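Some notes on the structure that comes next.
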Amino acid sequence: MMTWPRVFLGVILLSALLGPSIGGCPMPKLADWKLCADEECSHPISMAVALQDYMAPDCRFLTIHRGQVVYVFSKLKGRGRLFWGGSVQGDYYGDLAARLGFFPSSIVREDQILKPGNIDVKTDKWDFYCQ
């Protein structure tokens, strides 16, 4: 007969081996290429202000509220050229953790260029992966 401590230990080990990928799923790619400020797309290209509300249709996208500051990290190219990748924060800094996602470029006004986005970077499945 298996005791509770062994069952508990088994559950802990199993979850550690499987990792955070449980429940995640790849989503269709919006584009094959993106423009970034650096090779890792880790530096924001610009700061923009949302001109209107946008409700994310799925987990690849960001929900954005009118007036929010959006940090733009990438601009999709080709078939996805109407979408940019970025992050927003809550009304109070530290209110919510920043989350990366895509949004239509038409709903923001780019106010400040931080670093030119002129480096072509190939997208991969992790750019469009949902958790």
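Each chain of the structure tokens is named A, B, ... in the order shown, its residues numbered from 1; ligands are numbered from 1 in display order.
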
Find the residues near Asp53 (chain A): any atom within 6 Å, counting only C-alpha atoms, skip ones fewer than 5 places away on the same chain, and give them as a short mmCIF file (atom, residue, chain, number, x, y, z; two decimals) with C-alpha atoms, in the first residue's frame.
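Generated output (out_9.cif):
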data_model
loop_
_atom_site.label_atom_id
_atom_site.label_comp_id
_atom_site.auth_asym_id
_atom_site.auth_seq_id
_atom_site.Cartn_x
_atom_site.Cartn_y
_atom_site.Cartn_z
CA ILE A 64 -5.08 47.53 -24.16
CA HIS A 65 -7.08 50.43 -22.76
CA ARG A 66 -7.28 53.90 -24.24
#

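The list of residues with at least one atom within 9 Å of region 99-105 of chain A, based on only C-alpha atoms and without residues fewer than 3 positions apart in the same chain, reads Tyr54, Ala56, Cys59, Arg60, Phe61, Leu62, Thr63, Ile64, Phe73, Ser74, Lys75, Arg81, Leu82, Phe83, Trp84, Gly85, Gly86, Ser87, Val88, Gln89, Leu96, Val108, Arg109, Asp127 and Phe128 of chain A.
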
Prev. selection, C-alpha atoms, output as a CSV table (one decimal), in the first residue's frame:
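See result.csv below for the written result:
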chain,number,residue,atom,x,y,z
A,54,TYR,CA,-8.6,46.8,-27.8
A,56,ALA,CA,-7.4,40.6,-27.0
A,59,CYS,CA,-3.7,34.7,-25.6
A,60,ARG,CA,-1.2,35.9,-28.3
A,61,PHE,CA,-2.6,39.4,-28.0
A,62,LEU,CA,-2.7,42.2,-25.4
A,63,THR,CA,-5.8,43.8,-24.0
A,64,ILE,CA,-5.1,47.5,-24.2
A,73,PHE,CA,9.4,45.6,-28.9
A,74,SER,CA,8.7,44.3,-32.4
A,75,LYS,CA,6.9,45.1,-35.6
A,81,ARG,CA,2.5,43.7,-40.8
A,82,LEU,CA,-0.6,45.2,-39.3
A,83,PHE,CA,0.5,43.9,-35.8
A,84,TRP,CA,3.2,45.0,-33.4
A,85,GLY,CA,4.5,43.2,-30.3
A,86,GLY,CA,4.8,45.0,-27.0
A,87,SER,CA,3.8,45.3,-23.4
A,88,VAL,CA,1.6,47.4,-21.1
A,89,GLN,CA,1.4,47.9,-17.4
A,96,LEU,CA,0.5,44.2,-12.7
A,108,VAL,CA,-1.6,53.3,-31.0
A,109,ARG,CA,0.3,56.5,-31.7
A,127,ASP,CA,6.5,34.1,-30.3
A,128,PHE,CA,3.0,32.7,-30.7

Residues of region 47-121 of chain A in helix (DSSP H, G or I) according to DSSP, as JSON, numbers by chain? {"A": [78, 79, 80, 105, 106, 107]}

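Closest approach to Leu35 (chain A) from the set A:Cys130, A:Ser106, A:Leu76, A:Pro116 is made by A:Leu76, with distances taken over only C-alpha atoms.
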
Within 10 Å of Trp126 (chain A) using only C-alpha atoms, minus same-chain residues under 3 positions, as an MDAnalysis selection string: chainID A and resid 25:27 29 123 129:130

Please measure the separation of CA of Gly78 (chain A) and CA of Ile107 (chain A), giving the value in Å to one decimal. 19.0 Å

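Picture a line from CA of Gln68 (chain A) to CA of Gly117 (chain A); it runs 21.3 Å.
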
One decimal, in Å: what's the spacing between CA of Gly80 (chain A) and CA of Asp58 (chain A)?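 CA of Asp58 (chain A) lies 15.6 Å from CA of Gly80 (chain A).
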
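Summary of the local environment: counting only C-alpha atoms, residues at most 8 Å from Gln112 (chain A), other than itself and those fewer than 3 positions away along its chain, are Ser46, Met47 and Ala48 of chain A.
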
Region 10-89 of chain A: residues DSSP assigns to strand (DSSP E or B), reported as a VMD selection string: chain A and resid 25 to 26 33 to 36 46 to 50 54 61 64 69 to 76 83 to 88

Written file, previous selection with N, CA and C atoms, as a PDB file, in the first residue's frame:
ATOM      1  N   CYS A  25      -0.039  25.782 -25.391  1.00  0.00           N
ATOM      2  CA  CYS A  25      -0.295  25.284 -26.739  1.00  0.00           C
ATOM      3  C   CYS A  25       0.263  26.251 -27.774  1.00  0.00           C
ATOM      4  N   PRO A  26       0.830  25.690 -28.843  1.00  0.00           N
ATOM      5  CA  PRO A  26       1.293  26.553 -29.922  1.00  0.00           C
ATOM      6  C   PRO A  26       0.088  27.101 -30.685  1.00  0.00           C
ATOM      7  N   TRP A  33       8.616  36.954 -40.033  1.00  0.00           N
ATOM      8  CA  TRP A  33       9.697  37.894 -39.702  1.00  0.00           C
ATOM      9  C   TRP A  33       9.146  39.067 -38.902  1.00  0.00           C
ATOM     10  N   LYS A  34      10.034  39.670 -38.112  1.00  0.00           N
ATOM     11  CA  LYS A  34       9.686  40.864 -37.350  1.00  0.00           C
ATOM     12  C   LYS A  34      10.874  41.810 -37.344  1.00  0.00           C
ATOM     13  N   LEU A  35      10.592  43.088 -37.179  1.00  0.00           N
ATOM     14  CA  LEU A  35      11.632  44.099 -37.015  1.00  0.00           C
ATOM     15  C   LEU A  35      11.820  44.349 -35.534  1.00  0.00           C
ATOM     16  N   CYS A  36      13.078  44.412 -35.103  1.00  0.00           N
ATOM     17  CA  CYS A  36      13.393  44.643 -33.694  1.00  0.00           C
ATOM     18  C   CYS A  36      14.536  45.644 -33.571  1.00  0.00           C
ATOM     19  N   SER A  46      10.061  51.671 -29.258  1.00  0.00           N
ATOM     20  CA  SER A  46       9.404  52.953 -29.015  1.00  0.00           C
ATOM     21  C   SER A  46       8.400  52.859 -27.883  1.00  0.00           C
ATOM     22  N   MET A  47       7.894  54.037 -27.500  1.00  0.00           N
ATOM     23  CA  MET A  47       6.772  54.145 -26.569  1.00  0.00           C
ATOM     24  C   MET A  47       5.607  54.713 -27.369  1.00  0.00           C
ATOM     25  N   ALA A  48       4.437  54.152 -27.155  1.00  0.00           N
ATOM     26  CA  ALA A  48       3.245  54.589 -27.866  1.00  0.00           C
ATOM     27  C   ALA A  48       2.110  54.756 -26.863  1.00  0.00           C
ATOM     28  N   VAL A  49       1.086  55.470 -27.283  1.00  0.00           N
ATOM     29  CA  VAL A  49      -0.101  55.671 -26.450  1.00  0.00           C
ATOM     30  C   VAL A  49      -1.298  55.070 -27.180  1.00  0.00           C
ATOM     31  N   ALA A  50      -2.097  54.301 -26.454  1.00  0.00           N
ATOM     32  CA  ALA A  50      -3.285  53.682 -27.040  1.00  0.00           C
ATOM     33  C   ALA A  50      -4.342  54.742 -27.325  1.00  0.00           C
ATOM     34  N   TYR A  54      -8.715  47.962 -26.916  1.00  0.00           N
ATOM     35  CA  TYR A  54      -8.586  46.775 -27.765  1.00  0.00           C
ATOM     36  C   TYR A  54      -8.686  45.554 -26.868  1.00  0.00           C
ATOM     37  N   PHE A  61      -2.402  37.964 -27.955  1.00  0.00           N
ATOM     38  CA  PHE A  61      -2.622  39.400 -28.044  1.00  0.00           C
ATOM     39  C   PHE A  61      -2.730  40.054 -26.673  1.00  0.00           C
ATOM     40  N   ILE A  64      -5.629  46.188 -24.369  1.00  0.00           N
ATOM     41  CA  ILE A  64      -5.078  47.528 -24.160  1.00  0.00           C
ATOM     42  C   ILE A  64      -6.236  48.495 -23.953  1.00  0.00           C
ATOM     43  N   VAL A  69       0.137  53.504 -21.869  1.00  0.00           N
ATOM     44  CA  VAL A  69       1.433  53.544 -22.543  1.00  0.00           C
ATOM     45  C   VAL A  69       1.785  52.118 -22.952  1.00  0.00           C
ATOM     46  N   VAL A  70       2.187  51.968 -24.201  1.00  0.00           N
ATOM     47  CA  VAL A  70       2.563  50.669 -24.746  1.00  0.00           C
ATOM     48  C   VAL A  70       4.026  50.736 -25.149  1.00  0.00           C
ATOM     49  N   TYR A  71       4.825  49.801 -24.683  1.00  0.00           N
ATOM     50  CA  TYR A  71       6.222  49.686 -25.102  1.00  0.00           C
ATOM     51  C   TYR A  71       6.264  48.743 -26.287  1.00  0.00           C
ATOM     52  N   VAL A  72       6.725  49.225 -27.429  1.00  0.00           N
ATOM     53  CA  VAL A  72       6.765  48.438 -28.661  1.00  0.00           C
ATOM     54  C   VAL A  72       8.128  47.754 -28.762  1.00  0.00           C
ATOM     55  N   PHE A  73       8.130  46.421 -28.803  1.00  0.00           N
ATOM     56  CA  PHE A  73       9.366  45.641 -28.881  1.00  0.00           C
ATOM     57  C   PHE A  73       9.607  45.062 -30.272  1.00  0.00           C
ATOM     58  N   SER A  74       8.551  44.902 -31.066  1.00  0.00           N
ATOM     59  CA  SER A  74       8.712  44.337 -32.407  1.00  0.00           C
ATOM     60  C   SER A  74       7.584  44.813 -33.306  1.00  0.00           C
ATOM     61  N   LYS A  75       7.869  44.754 -34.610  1.00  0.00           N
ATOM     62  CA  LYS A  75       6.874  45.091 -35.629  1.00  0.00           C
ATOM     63  C   LYS A  75       6.886  43.952 -36.639  1.00  0.00           C
ATOM     64  N   LEU A  76       5.757  43.243 -36.714  1.00  0.00           N
ATOM     65  CA  LEU A  76       5.695  42.095 -37.609  1.00  0.00           C
ATOM     66  C   LEU A  76       5.782  42.547 -39.060  1.00  0.00           C
ATOM     67  N   PHE A  83       0.370  44.162 -37.246  1.00  0.00           N
ATOM     68  CA  PHE A  83       0.485  43.929 -35.810  1.00  0.00           C
ATOM     69  C   PHE A  83       1.892  44.231 -35.295  1.00  0.00           C
ATOM     70  N   TRP A  84       1.921  44.783 -34.106  1.00  0.00           N
ATOM     71  CA  TRP A  84       3.171  45.034 -33.398  1.00  0.00           C
ATOM     72  C   TRP A  84       3.157  44.211 -32.119  1.00  0.00           C
ATOM     73  N   GLY A  85       4.350  43.943 -31.587  1.00  0.00           N
ATOM     74  CA  GLY A  85       4.477  43.235 -30.318  1.00  0.00           C
ATOM     75  C   GLY A  85       4.932  44.207 -29.246  1.00  0.00           C
ATOM     76  N   GLY A  86       4.375  44.098 -28.071  1.00  0.00           N
ATOM     77  CA  GLY A  86       4.761  45.019 -27.015  1.00  0.00           C
ATOM     78  C   GLY A  86       4.241  44.609 -25.663  1.00  0.00           C
ATOM     79  N   SER A  87       4.325  45.547 -24.726  1.00  0.00           N
ATOM     80  CA  SER A  87       3.844  45.293 -23.372  1.00  0.00           C
ATOM     81  C   SER A  87       3.190  46.541 -22.808  1.00  0.00           C
ATOM     82  N   VAL A  88       2.301  46.315 -21.866  1.00  0.00           N
ATOM     83  CA  VAL A  88       1.630  47.398 -21.141  1.00  0.00           C
ATOM     84  C   VAL A  88       1.710  47.074 -19.655  1.00  0.00           C
TER      85      VAL A  88
END
